[in-house]
Amino acid sequence: MLPGERGAGRGAKSRTELTSIAIDCFARYGFQGTSIDRIASIAGVTKGAIYYHFRDKDDLLEAAVRDRIAEFENRVQNACAGLGPADALRRIAEVCIDHAEAGDHSRFVISMSVEAIDTNAEVSDLLRDMMRRFRSFLRNVVRNAQENGEFSKDVDADTIAAGYTGAVLGAEIQYYQDPESFDLRVALLPSVDRMIASMACKQVETEGA
């Protein structure tokens with residue numbers, strides 16, 4: 001049962017509240033399985049109240065995706081503020097874990113990333129751009145560490161960014177499929193630590209130094 005499905009009044013809901021409820025529905029039922037009728041019923045409002053804020057279901061989905069992306073990106077930016085590169089990479093993983101374990105909202109982006117590829121070009125573009133920004137953010141973290149001598153200059157920052165993103169998404173998908181037996185934290189954090197260790201500059205000790 002989704003929030004608001006039982007005991008919801010018929011009073012007005014804000015655009016933000018409706019977006020949040022829509023995210024729950026899209027995450028659980030997918031775009032095709034979610035109707036304006038279903039969202040209105042769960043929100044406890046009329047369809048007219050939804051159409052007051054959104055043109056149609058596509059417009060609502062796009063607003064939900066934009067809201068979800070902004071929330072995640074702000075969280076990552078704030079979590080990494082003031083941290084060194086290695087700590088930032090670990091913190092990003094922790095944010096992704098906390099985000100994934102928070103509830104149905106977490107799987108919304110992955111669900112829409114797959115479903116929107118062939119059904120909604122605008123949403124697909126939004127999600128693709130988010131992934132590009134995420135990889136760019138990671139790439140810059142690695143390059144900054146290379147510039148200050150913390151990571152080896154032999155490391156390819158683009159490869160690390162792609163590998164890190166793949167590790168996060170792969171672990172999250174397994175967690176969403178089997179949350180009772182798949183420990184997301186145990187799976188992801190050691191992987192990130194190994195990635196960091198592989199990039200660290202090796203200190204060469206000489207005799208008598």
# chains A, B, ... in the order shown; residues from 1 in each chain; ligands from 1
call {"tool": "residues_around", "arguments": {"residues": "A:Ile92", "least_positions_apart": "2", "cutoff": "10 Å", "atoms": "only C-alpha atoms", "output": "NGL selection string"}}
result
:A and (75-77 or 79-80 or 87-90 or 94-98 or 138 or 168 or 192)
call {"tool": "residues_around", "arguments": {"residues": "A:Thr16", "least_positions_apart": "3", "cutoff": "10 Å", "atoms": "only C-alpha atoms", "output": "VMD selection string"}}
result
chain A and resid 13 19 to 22 53 63 to 64 67
call {"tool": "write_last_selection", "arguments": {"atoms": "C-alpha atoms", "output": "short mmCIF file (atom, residue, chain, number, x, y, z; two decimals), in the first residue's frame"}}
result
data_model
loop_
_atom_site.label_atom_id
_atom_site.label_comp_id
_atom_site.auth_asym_id
_atom_site.auth_seq_id
_atom_site.Cartn_x
_atom_site.Cartn_y
_atom_site.Cartn_z
CA LYS A 13 -2.17 18.62 -2.76
CA THR A 19 5.28 14.56 -7.66
CA SER A 20 6.36 12.50 -4.66
CA ILE A 21 3.28 10.27 -4.89
CA ALA A 22 3.79 9.88 -8.63
CA HIS A 53 -0.30 21.24 -12.13
CA ALA A 63 8.70 16.59 -13.39
CA ALA A 64 9.22 13.55 -11.17
CA ASP A 67 12.89 16.30 -8.98
#
call {"tool": "residues_around", "arguments": {"residues": "stretch 123-128 of chain A", "least_positions_apart": "3", "cutoff": "10 Å", "atoms": "only C-alpha atoms", "output": "compact mmCIF listing (two decimals) with N, CA and C atoms, in the first residue's frame"}}
result
# COMPACT_ATOMS: atom_id res chain seq x y z
N ASP A 58 2.87 12.28 -19.09
CA ASP A 58 4.26 12.48 -19.51
C ASP A 58 4.88 13.69 -18.82
N ASP A 59 4.10 14.75 -18.69
CA ASP A 59 4.59 15.95 -18.02
C ASP A 59 4.85 15.66 -16.55
N LEU A 61 5.62 12.71 -15.28
CA LEU A 61 6.81 11.86 -15.21
C LEU A 61 8.08 12.69 -15.34
N GLU A 62 8.08 13.61 -16.29
CA GLU A 62 9.27 14.45 -16.49
C GLU A 62 9.56 15.27 -15.24
N ALA A 63 8.52 15.83 -14.62
CA ALA A 63 8.70 16.59 -13.39
C ALA A 63 9.25 15.71 -12.27
N ALA A 64 8.75 14.48 -12.20
CA ALA A 64 9.22 13.55 -11.17
C ALA A 64 10.68 13.20 -11.37
N VAL A 65 11.07 12.97 -12.62
CA VAL A 65 12.46 12.64 -12.91
C VAL A 65 13.37 13.81 -12.58
N ARG A 66 12.97 15.01 -12.98
CA ARG A 66 13.78 16.20 -12.68
C ARG A 66 13.94 16.37 -11.17
N ILE A 69 16.33 13.60 -9.79
CA ILE A 69 17.72 13.84 -10.17
C ILE A 69 18.32 14.97 -9.34
N VAL A 109 14.67 5.79 -10.53
CA VAL A 109 15.55 6.19 -11.63
C VAL A 109 15.96 4.99 -12.46
N ILE A 110 16.28 3.88 -11.82
CA ILE A 110 16.68 2.69 -12.57
C ILE A 110 15.49 2.16 -13.37
N MET A 112 12.93 3.81 -14.55
CA MET A 112 12.65 4.71 -15.67
C MET A 112 13.77 4.71 -16.69
N SER A 113 15.01 4.48 -16.25
CA SER A 113 16.13 4.43 -17.19
C SER A 113 15.93 3.35 -18.23
N VAL A 114 15.38 2.23 -17.79
CA VAL A 114 15.13 1.11 -18.71
C VAL A 114 13.87 1.35 -19.53
N GLU A 115 12.78 1.73 -18.85
CA GLU A 115 11.49 1.84 -19.54
C GLU A 115 11.45 3.01 -20.51
N ALA A 116 12.15 4.10 -20.19
CA ALA A 116 12.03 5.31 -21.01
C ALA A 116 12.85 5.25 -22.29
N ILE A 117 13.76 4.28 -22.41
CA ILE A 117 14.63 4.22 -23.58
C ILE A 117 13.81 4.21 -24.87
N ASP A 118 12.76 3.44 -24.91
CA ASP A 118 11.96 3.31 -26.13
C ASP A 118 10.61 4.01 -26.05
N THR A 119 10.30 4.62 -24.92
CA THR A 119 8.95 5.17 -24.75
C THR A 119 8.91 6.68 -24.53
N ASN A 120 10.00 7.27 -24.03
CA ASN A 120 9.94 8.69 -23.69
C ASN A 120 11.31 9.31 -23.91
N MET A 131 23.53 10.58 -15.87
CA MET A 131 24.62 9.61 -15.82
C MET A 131 25.92 10.25 -16.30
N ARG A 132 25.84 11.07 -17.32
CA ARG A 132 27.04 11.75 -17.82
C ARG A 132 27.61 12.69 -16.77
N ARG A 133 26.74 13.43 -16.08
CA ARG A 133 27.22 14.33 -15.03
C ARG A 133 27.83 13.55 -13.87
N PHE A 134 27.24 12.42 -13.54
CA PHE A 134 27.77 11.60 -12.46
C PHE A 134 29.17 11.10 -12.81
call {"tool": "closest_residue", "arguments": {"among": "A:Ala40, A:Val45, A:Leu60, A:Met130", "to": "A:Phe72", "atoms": "only C-alpha atoms"}}
result
A:Met130
call {"tool": "closest_residue", "arguments": {"among": "A:Val142, A:Ala81, A:Ile196, A:Ile42", "to": "A:Asp24", "atoms": "only C-alpha atoms"}}
result
A:Ile42
